[in-house]
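Asks: So I've got this file, target.cif, and it contains mmCIF, C-alpha atoms:
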data_model
#
loop_
_atom_site.label_atom_id
_atom_site.label_comp_id
_atom_site.auth_asym_id
_atom_site.auth_seq_id
_atom_site.Cartn_x
_atom_site.Cartn_y
_atom_site.Cartn_z
CA MET H 19 0.00 0.00 0.00
CA ILE H 20 1.29 3.42 -0.93
CA ASP H 21 1.72 5.77 2.01
CA ARG H 22 -0.84 8.59 1.71
CA THR H 23 1.55 11.34 2.82
CA ASP H 24 4.08 10.22 0.19
CA LEU H 25 1.39 10.03 -2.49
CA TRP H 26 0.13 13.57 -1.94
CA LEU H 27 3.66 14.91 -1.53
CA VAL H 28 4.49 13.46 -4.94
CA ILE H 29 1.25 14.55 -6.67
CA LEU H 30 1.46 18.14 -5.44
CA GLY H 31 5.23 18.42 -5.65
CA LEU H 32 5.32 16.98 -9.14
CA GLY H 33 2.43 19.20 -10.23
CA PHE H 34 4.15 22.30 -8.87
CA GLY H 35 7.54 21.31 -10.26
CA SER H 36 6.23 20.43 -13.72
CA TYR H 37 4.25 23.66 -13.92
CA THR H 38 7.33 25.64 -12.90
CA LEU H 39 9.32 23.99 -15.70
CA ARG H 40 6.58 24.87 -18.21
CA PHE H 41 6.17 28.44 -16.97
CA LEU H 42 9.90 29.11 -16.54
CA PHE H 43 10.60 30.72 -19.91
CA LEU H 44 7.13 31.56 -21.16
CA GLY H 45 6.24 33.40 -17.98
CA LEU H 46 9.47 34.42 -16.27
CA VAL H 47 12.61 34.37 -18.32
CA GLY H 48 11.00 35.63 -21.51
CA ASN H 49 12.45 35.65 -24.96
CA ARG H 50 16.04 34.68 -24.29
CA PRO H 51 17.43 31.58 -26.00
CA LEU H 52 18.81 28.75 -23.89
CA PRO H 53 22.51 27.99 -24.30
CA GLU H 54 23.17 25.44 -27.01
CA TRP H 55 24.80 22.87 -24.73
CA LEU H 56 21.79 22.90 -22.40
CA THR H 57 19.12 22.31 -25.06
CA ARG H 58 21.34 19.60 -26.50
CA HIS H 59 21.24 17.74 -23.18
CA LEU H 60 17.55 18.43 -22.54
CA ARG H 61 16.69 16.78 -25.86
CA TYR H 62 17.79 13.45 -24.39
CA THR H 63 16.10 13.59 -20.96
CA ALA H 64 13.09 11.43 -21.84
CA VAL H 65 14.96 9.01 -24.04
CA ALA H 66 17.56 8.42 -21.30
CA MET H 67 15.31 8.46 -18.23
CA MET H 68 12.72 5.99 -19.52
CA PRO H 69 15.16 3.20 -20.50
CA ALA H 70 17.07 3.67 -17.23
CA LEU H 71 13.85 3.13 -15.36
CA VAL H 72 12.58 0.24 -17.45
CA ALA H 73 15.81 -1.81 -17.72
CA PRO H 74 15.86 -3.11 -14.12
CA LEU H 75 12.10 -3.79 -14.26
CA VAL H 76 12.64 -5.99 -17.33
CA ALA H 77 15.82 -7.71 -16.14
CA TRP H 78 14.63 -8.40 -12.58
CA PRO H 79 10.81 -8.31 -12.49
CA ALA H 80 9.23 -7.80 -9.08
CA ALA H 81 6.53 -10.36 -9.88
CA THR H 82 9.07 -13.20 -10.05
CA GLY H 83 10.87 -12.02 -6.95
CA GLY H 84 13.68 -10.52 -9.01
CA GLN H 85 14.36 -13.72 -10.99
CA THR H 86 15.07 -13.04 -14.67
CA ASP H 87 12.12 -14.40 -16.62
CA PRO H 88 12.38 -15.44 -20.29
CA ALA H 89 8.71 -14.66 -20.99
CA ARG H 90 9.12 -11.07 -19.78
CA LEU H 91 12.39 -10.60 -21.67
CA LEU H 92 10.68 -11.79 -24.86
CA ALA H 93 7.66 -9.55 -24.25
CA ALA H 94 9.94 -6.55 -23.77
CA ALA H 95 11.85 -7.36 -26.97
CA ALA H 96 8.59 -7.77 -28.90
CA THR H 97 7.22 -4.42 -27.64
CA LEU H 98 10.40 -2.56 -28.53
CA GLY H 99 10.89 -4.35 -31.87
CA VAL H 100 7.34 -3.86 -33.11
CA GLY H 101 7.43 -0.26 -31.88
CA LEU H 102 10.64 0.45 -33.76
CA ILE H 103 9.37 -1.08 -37.00
CA SER H 104 5.74 0.04 -36.98
CA ARG H 105 6.05 3.30 -34.95
CA ASN H 106 2.56 2.36 -33.78
CA VAL H 107 2.08 2.58 -30.02
CA ILE H 108 -1.05 0.45 -29.81
CA LEU H 109 0.32 -2.33 -32.03
CA SER H 110 3.51 -2.28 -29.97
CA ILE H 111 1.66 -2.63 -26.64
CA LEU H 112 -0.54 -5.44 -28.01
CA SER H 113 2.50 -7.36 -29.32
CA GLY H 114 4.12 -7.15 -25.91
CA ALA H 115 0.97 -8.28 -24.11
CA VAL H 116 0.35 -11.22 -26.46
CA THR H 117 3.99 -12.30 -26.23
CA LEU H 118 3.85 -12.15 -22.43
CA VAL H 119 0.72 -14.29 -22.23
CA ALA H 120 2.01 -16.77 -24.81
CA GLY H 121 5.47 -16.83 -23.23
CA SER H 122 4.14 -17.37 -19.71
CA TYR H 123 2.12 -20.31 -21.03
CA TRP H 124 5.07 -21.74 -22.96
CA PHE H 125 7.72 -21.34 -20.26
CA GLY H 126 5.34 -21.60 -17.33
CA MET W 13 -10.44 31.03 -49.69
CA ALA W 14 -12.15 31.94 -46.47
CA ALA W 15 -10.92 34.97 -44.57
CA PRO W 16 -8.51 33.93 -41.84
CA THR W 17 -10.24 34.24 -38.49
CA GLN W 18 -9.31 33.27 -34.99
CA SER W 19 -12.00 30.62 -35.09
CA SER W 20 -10.52 28.95 -38.16
CA ASP W 21 -7.12 28.94 -36.47
CA TYR W 22 -8.69 27.26 -33.47
CA TRP W 23 -10.18 24.53 -35.64
CA GLN W 24 -6.91 24.04 -37.49
CA GLY W 25 -5.35 23.44 -34.09
CA VAL W 26 -8.04 20.92 -33.20
CA ARG W 27 -7.35 19.02 -36.43
CA ALA W 28 -3.60 19.08 -35.78
CA GLY W 29 -4.06 17.70 -32.26
CA LEU W 30 -6.65 15.06 -33.09
CA PRO W 31 -4.26 12.25 -34.21
CA PHE W 32 -2.63 12.36 -30.77
CA LEU W 33 -5.81 10.86 -29.32
CA LEU W 34 -4.39 7.51 -30.49
CA VAL W 35 -1.64 7.95 -27.88
CA ILE W 36 -3.64 9.79 -25.21
CA ALA W 37 -6.45 7.22 -25.09
CA PRO W 38 -4.45 4.03 -24.37
CA PHE W 39 -1.96 5.67 -22.01
CA GLY W 40 -4.61 7.62 -20.13
CA THR W 41 -6.67 4.47 -19.68
CA LEU W 42 -3.62 2.46 -18.65
CA PHE W 43 -2.63 5.06 -16.07
CA GLY W 44 -6.13 4.93 -14.59
CA VAL W 45 -6.07 1.13 -14.41
CA LEU W 46 -2.58 0.93 -12.89
CA ALA W 47 -3.21 3.71 -10.38
CA THR W 48 -6.37 1.93 -9.22
CA GLU W 49 -4.51 -1.39 -8.98
CA ALA W 50 -1.89 0.42 -6.87
CA GLY W 51 -4.65 1.33 -4.40
CA LEU W 52 -5.43 4.90 -5.42
CA ASN W 53 -9.08 5.88 -5.27
CA LEU W 54 -10.95 7.66 -8.07
CA PHE W 55 -10.30 11.13 -6.65
CA GLU W 56 -6.57 10.52 -6.14
CA THR W 57 -6.17 9.03 -9.63
CA LEU W 58 -7.99 11.87 -11.39
CA THR W 59 -6.20 14.53 -9.33
CA PHE W 60 -2.89 12.97 -10.34
CA SER W 61 -3.71 13.44 -14.04
CA VAL W 62 -5.18 16.94 -13.63
CA VAL W 63 -2.41 18.34 -11.43
CA VAL W 64 0.58 16.73 -13.15
CA ILE W 65 -0.74 16.33 -16.74
CA ALA W 66 2.40 14.52 -17.98
CA GLY W 67 2.05 10.84 -18.87
CA ALA W 68 5.61 9.57 -18.58
CA ALA W 69 6.29 11.34 -15.27
CA GLN W 70 3.02 10.01 -13.85
CA PHE W 71 3.94 6.42 -14.76
CA VAL W 72 7.45 6.86 -13.33
CA SER W 73 6.25 8.22 -10.01
CA LEU W 74 3.48 5.63 -9.68
CA GLN W 75 5.97 2.81 -10.22
CA MET W 76 8.45 4.20 -7.69
CA LEU W 77 5.77 4.92 -5.08
CA GLN W 78 4.77 1.26 -5.30
CA GLU W 79 8.36 0.25 -4.69
CA HIS W 80 8.32 2.44 -1.55
CA VAL W 81 11.11 4.66 -2.81
CA PRO W 82 11.40 7.79 -0.59
CA ALA W 83 9.16 10.62 -1.84
CA LEU W 84 12.07 12.98 -2.52
CA ILE W 85 13.77 10.49 -4.85
CA VAL W 86 10.43 9.86 -6.58
CA LEU W 87 10.05 13.60 -7.12
CA ALA W 88 13.59 14.03 -8.41
CA SER W 89 13.22 11.16 -10.86
CA ALA W 90 9.81 12.22 -12.18
CA LEU W 91 10.92 15.84 -12.53
CA ALA W 92 13.99 14.63 -14.41
CA VAL W 93 11.62 12.98 -16.89
CA ASN W 94 9.84 16.32 -17.22
CA LEU W 95 12.92 18.49 -17.72
CA ARG W 96 12.10 18.61 -21.42
CA MET W 97 9.12 20.83 -20.52
CA ALA W 98 11.58 23.66 -19.81
CA MET W 99 12.88 23.22 -23.33
CA TYR W 100 9.34 23.43 -24.74
CA SER W 101 8.74 26.55 -22.67
CA ALA W 102 11.87 28.19 -24.08
CA ALA W 103 11.07 27.13 -27.64
CA ILE W 104 7.48 28.40 -27.61
CA THR W 105 8.32 31.78 -26.02
CA PRO W 106 9.27 33.54 -29.30
CA HIS W 107 5.72 32.73 -30.52
CA LEU W 108 3.55 33.17 -27.43
CA GLY W 109 5.76 35.34 -25.22
CA GLY W 110 3.87 38.51 -26.20
CA LEU W 111 0.60 37.36 -24.62
CA PRO W 112 -0.74 38.88 -21.39
CA LEU W 113 0.46 37.12 -18.26
CA TRP W 114 -2.76 35.24 -17.55
CA LYS W 115 -2.77 33.72 -21.03
CA ARG W 116 0.88 32.73 -20.70
CA ALA W 117 0.10 31.19 -17.30
CA LEU W 118 -2.78 29.23 -18.84
CA GLY W 119 -0.72 28.22 -21.87
CA ALA W 120 2.09 26.96 -19.63
CA TYR W 121 -0.29 24.54 -17.91
CA PHE W 122 -1.31 23.02 -21.26
CA LEU W 123 2.27 22.82 -22.58
CA ILE W 124 2.58 19.04 -23.05
CA ASP W 125 4.42 16.91 -25.63
CA GLN W 126 1.52 16.92 -28.05
CA THR W 127 0.46 20.58 -27.91
CA TYR W 128 4.09 21.62 -28.18
CA ALA W 129 4.87 19.32 -31.12
CA ALA W 130 1.79 20.36 -33.11
CA SER W 131 2.13 24.10 -32.36
CA ALA W 132 5.89 24.41 -32.91
CA LEU W 133 5.53 22.76 -36.31
CA HIS W 134 2.63 25.00 -37.30
CA PHE W 135 4.25 28.23 -36.09
CA GLU W 136 7.42 27.46 -38.04
CA ARG W 137 5.45 26.81 -41.22
CA HIS W 138 3.28 29.93 -40.82
CA PRO W 139 5.53 32.66 -39.44
CA GLY W 140 3.09 35.35 -40.57
CA LYS W 141 0.36 34.40 -38.06
CA THR W 142 -0.61 37.01 -35.49
CA LEU W 143 -0.25 36.48 -31.76
CA SER W 144 -3.96 35.87 -31.22
CA GLN W 145 -4.10 33.46 -34.17
CA LYS W 146 -1.20 31.51 -32.71
CA PHE W 147 -2.84 31.35 -29.28
CA ALA W 148 -6.11 30.21 -30.88
CA PHE W 149 -4.23 27.43 -32.69
CA PHE W 150 -2.50 26.41 -29.46
CA LEU W 151 -5.83 26.19 -27.62
CA GLY W 152 -7.09 24.14 -30.56
CA THR W 153 -4.30 21.57 -30.14
CA MET W 154 -5.06 21.42 -26.42
CA THR W 155 -8.75 20.57 -26.92
CA PRO W 156 -8.43 16.98 -28.25
CA THR W 157 -5.44 16.16 -26.00
CA CYS W 158 -5.74 17.56 -22.46
CA PRO W 159 -9.40 17.02 -21.49
CA PRO W 160 -9.28 13.49 -23.00
CA TRP W 161 -6.25 12.79 -20.79
CA TYR W 162 -8.47 13.38 -17.74
CA GLY W 163 -11.37 11.50 -19.32
CA PHE W 164 -9.42 8.38 -20.20
CA THR W 165 -7.73 8.38 -16.79
CA LEU W 166 -11.21 8.30 -15.27
CA LEU W 167 -12.29 5.53 -17.65
CA GLY W 168 -9.19 3.54 -16.67
CA ALA W 169 -9.90 4.06 -12.98
CA TRP W 170 -13.40 2.65 -13.44
CA LEU W 171 -12.05 -0.28 -15.45
CA GLY W 172 -9.39 -0.86 -12.81
CA GLU W 173 -12.04 -1.26 -10.15
CA ALA W 174 -13.68 -3.94 -12.31
CA VAL W 175 -10.47 -5.84 -13.12
CA PRO W 176 -9.44 -8.10 -10.23
CA ALA W 177 -6.13 -7.12 -8.67
CA ASP W 178 -3.29 -9.45 -9.60
CA PHE W 179 -4.42 -9.81 -13.18
CA GLY W 180 -0.84 -10.05 -14.45
CA LEU W 181 -0.69 -6.29 -14.79
CA ASP W 182 2.71 -6.07 -13.11
CA PHE W 183 4.35 -5.96 -16.51
CA ALA W 184 1.95 -3.50 -18.13
CA LEU W 185 4.09 -0.58 -17.00
CA PRO W 186 7.37 -1.76 -18.53
CA ILE W 187 5.50 -2.55 -21.74
CA ALA W 188 3.94 0.92 -21.78
CA PHE W 189 7.38 2.50 -21.24
CA LEU W 190 8.95 0.46 -24.02
CA ALA W 191 6.11 1.42 -26.37
CA MET W 192 6.81 5.09 -25.55
CA ILE W 193 10.58 4.71 -26.01
CA ALA W 194 10.50 3.04 -29.44
CA PRO W 195 9.08 5.96 -31.48
CA ALA W 196 11.33 8.40 -29.60
CA LEU W 197 14.49 6.71 -30.95
CA ARG W 198 14.60 8.99 -33.98
CA THR W 199 18.34 9.40 -34.50
CA GLY W 200 21.57 7.57 -33.75
CA ALA W 201 22.15 9.94 -30.84
CA HIS W 202 18.79 8.94 -29.31
CA VAL W 203 19.76 5.27 -29.62
CA VAL W 204 23.14 5.91 -27.97
CA ALA W 205 21.42 7.80 -25.12
CA ALA W 206 18.89 5.00 -24.56
CA PHE W 207 21.50 2.25 -24.76
CA THR W 208 23.91 3.99 -22.36
CA ALA W 209 21.08 4.63 -19.90
CA THR W 210 19.98 0.97 -20.09
CA LEU W 211 23.47 -0.37 -19.51
CA GLY W 212 24.07 2.17 -16.74
CA ALA W 213 20.85 1.28 -14.94
CA LEU W 214 21.74 -2.42 -14.94
CA LEU W 215 25.30 -1.84 -13.75
CA LEU W 216 24.30 0.74 -11.11
CA ALA W 217 21.34 -1.23 -9.75
CA TRP W 218 23.28 -1.77 -6.50
CA MET W 219 22.90 1.91 -5.56
CA PRO W 220 20.36 2.66 -2.79
CA TYR W 221 17.03 4.49 -3.26
CA ASN W 222 16.93 3.92 -7.03
CA LEU W 223 19.70 6.50 -7.37
CA GLY W 224 21.22 4.24 -10.02
CA VAL W 225 18.31 5.16 -12.30
CA LEU W 226 19.02 8.88 -11.97
CA CYS W 227 22.76 8.44 -12.49
CA ALA W 228 22.20 6.18 -15.49
CA ALA W 229 19.79 8.71 -17.01
CA ALA W 230 22.36 11.50 -16.57
CA LEU W 231 24.99 9.32 -18.27
CA GLY W 232 22.54 8.60 -21.10
CA MET W 233 21.82 12.32 -21.61
CA ILE W 234 25.52 13.14 -21.74
CA ALA W 235 26.15 10.29 -24.18
CA GLY W 236 23.29 11.41 -26.43
CA ALA W 237 24.33 15.08 -26.42
CA GLU W 238 27.96 14.19 -27.08
CA THR W 239 27.00 11.90 -29.98
CA GLU W 240 24.88 14.66 -31.50
CA ARG W 241 27.76 17.14 -31.17
CA ARG W 242 30.20 14.78 -32.90
CA MET W 243 27.77 13.89 -35.67
CA GLN W 244 27.31 17.57 -36.49
CA LYS W 245 31.00 18.09 -37.12
#
Would you write out, as structure tokens, the structure that this file holds?
Replies:
Amino acid sequence: MIDRTDLWLVILGLGFGSYTLRFLFLGLVGNRPLPEWLTRHLRYTAVAMMPALVAPLVAWPAATGGQTDPARLLAAAATLGVGLISRNVILSILSGAVTLVAGSYWFG
Amino acid sequence: MAAPTQSSDYWQGVRAGLPFLLVIAPFGTLFGVLATEAGLNLFETLTFSVVVIAGAAQFVSLQMLQEHVPALIVLASALAVNLRMAMYSAAITPHLGGLPLWKRALGAYFLIDQTYAASALHFERHPGKTLSQKFAFFLGTMTPTCPPWYGFTLLGAWLGEAVPADFGLDFALPIAFLAMIAPALRTGAHVVAAFTATLGALLLAWMPYNLGVLCAAALGMIAGAETERRMQK
């Protein structure tokens, strides 16, 4: 169970923080360009943060008590592969889900 | 040709934002389902989406809260995911910076991946548009993206109450993340960033409080930026 104090701290803190990031230039700093090196790094925040978060979840799933699970590895590969080829989010999610169900049956 | 009016700019914006419903609908629903499975009630789930209004950061923080990571680390990680919003804010300022403060304050709230992407593209293609036409277009892109984000979150929360807990949804989150990552790998530099971050996260998994994730993400950003710099030479 998620602690209620933590939950609300995160919801309100994240809401405030995200709004500040969005308002920062439009509302406060105004029409001054960001330094080149900074925008260059900011371009890669999402594409670095998401894989960093997902890698341990795929390699050591909580549901198997941290044991590497072939069905989940395959499902992750299928999601990423179909996503890369089709660029279609829904197709990619479905491929991952089907592979997970089929893989769990096969290896299970 | 019809005379250009603010209303036609608004509807152009709506049309430009409409395709994003294909992303908003599944992720909004999934967030609602997962938040409910994690024990959040309807009010908490909906508030999450209304207050934060950023899909990836919401998924990140929900996952970490479930792992009982300290709230400060959760905040730092989720805000790191959202750092790109500052870049959007800077990039949109030359177009919307002339608006009165209350409109800028309102616009900032609705500055999400989809409204930014659609508006930045349109403003670059039509540099002659007036300030009010640009704002009308921006509000147009917001209409089929932001309210549906709340709506589909709510739908997901209702569905989540119907689905029995322990329905094998533990892996839905990684799959959702991977589905978000794949289309974002647009250039070699993006691939380098993602690969470095992945490797880093696995090698730094021993660090306490999920700090390995933050460090790995920083390494990935540096690797991506450095690759881009070298490719430009």
Asks: Expressed in Å to a single decimal, how great is the separation between CA of Trp161 (chain W) and CA of Ala115 (chain H)?
Replies: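 Answer for the CA of Trp161 (chain W) to CA of Ala115 (chain H) separation: 22.5 Å.
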Asks: I need the residue set behind the PyMOL selection byres ((chain W) within 7 of (chain H)) for this file; please write it as a ChimeraX atom specification.
Replies: /W:35,51,60,63-64,77-78,83,87,91-99,101-102,105-106,109,113,116-117,120-121,123,182,186-196,202,205-206,209-210,213-214,225,228-229,232-234,236-237
Asks: Considering only C-alpha atoms, can you say which of W:Leu143, W:Cys158, W:Val175, W:Ile85 comes closest to Gly44 (chain W)?
Replies: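 Of the candidates, the smallest distance to Gly44 (chain W) is held by W:Val175.
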Asks: Residues picked by the PyMOL selection byres ((chain W and resi 124-134) around 8) here, as a PDB file with C-alpha atoms, in the coordinates of the input?
Replies:
ATOM      1  CA  GLY W  25      -5.350  23.440 -34.090  1.00  0.00           C
ATOM      2  CA  ALA W  28      -3.600  19.080 -35.780  1.00  0.00           C
ATOM      3  CA  GLY W  29      -4.060  17.700 -32.260  1.00  0.00           C
ATOM      4  CA  PHE W  32      -2.630  12.360 -30.770  1.00  0.00           C
ATOM      5  CA  ILE W  65      -0.740  16.330 -16.740  1.00  0.00           C
ATOM      6  CA  ALA W  66       2.400  14.520 -17.980  1.00  0.00           C
ATOM      7  CA  MET W  97       9.120  20.830 -20.520  1.00  0.00           C
ATOM      8  CA  TYR W 100       9.340  23.430 -24.740  1.00  0.00           C
ATOM      9  CA  ALA W 103      11.070  27.130 -27.640  1.00  0.00           C
ATOM     10  CA  ILE W 104       7.480  28.400 -27.610  1.00  0.00           C
ATOM     11  CA  PHE W 122      -1.310  23.020 -21.260  1.00  0.00           C
ATOM     12  CA  LEU W 123       2.270  22.820 -22.580  1.00  0.00           C
ATOM     13  CA  PHE W 135       4.250  28.230 -36.090  1.00  0.00           C
ATOM     14  CA  GLU W 136       7.420  27.460 -38.040  1.00  0.00           C
ATOM     15  CA  ARG W 137       5.450  26.810 -41.220  1.00  0.00           C
ATOM     16  CA  HIS W 138       3.280  29.930 -40.820  1.00  0.00           C
ATOM     17  CA  PHE W 149      -4.230  27.430 -32.690  1.00  0.00           C
ATOM     18  CA  PHE W 150      -2.500  26.410 -29.460  1.00  0.00           C
ATOM     19  CA  THR W 153      -4.300  21.570 -30.140  1.00  0.00           C
ATOM     20  CA  MET W 154      -5.060  21.420 -26.420  1.00  0.00           C
ATOM     21  CA  THR W 157      -5.440  16.160 -26.000  1.00  0.00           C
TER      22      THR W 157
END
Asks: Just the residues within 10 Å of Glu173 (chain W), please, counting all atoms listed in the file, with nothing from its chain fewer than 6 positions along; format it as an MDAnalysis selection string.
Replies: chainID W and resid 44:45 48:49 51 53:54
Asks: Of the residues W:Gly67, W:Phe183, W:Gln145, W:Cys227, which is the one nearest to Pro38 (chain W), using all atoms listed in the file?
Replies: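 Of all the options, W:Gly67 lies closest to Pro38 (chain W).
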Asks: CA of Gly84 (chain H) and CA of Phe207 (chain W) are how many Å apart?
Replies: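 Going from CA of Gly84 (chain H) over to CA of Phe207 (chain W), I get 21.7 Å.
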Asks: In Å, rounded to a single decimal, give me how far CA of Lys146 (chain W) is from CA of Leu108 (chain W).
Replies: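 Computing it gives 7.3 Å between the two atoms.
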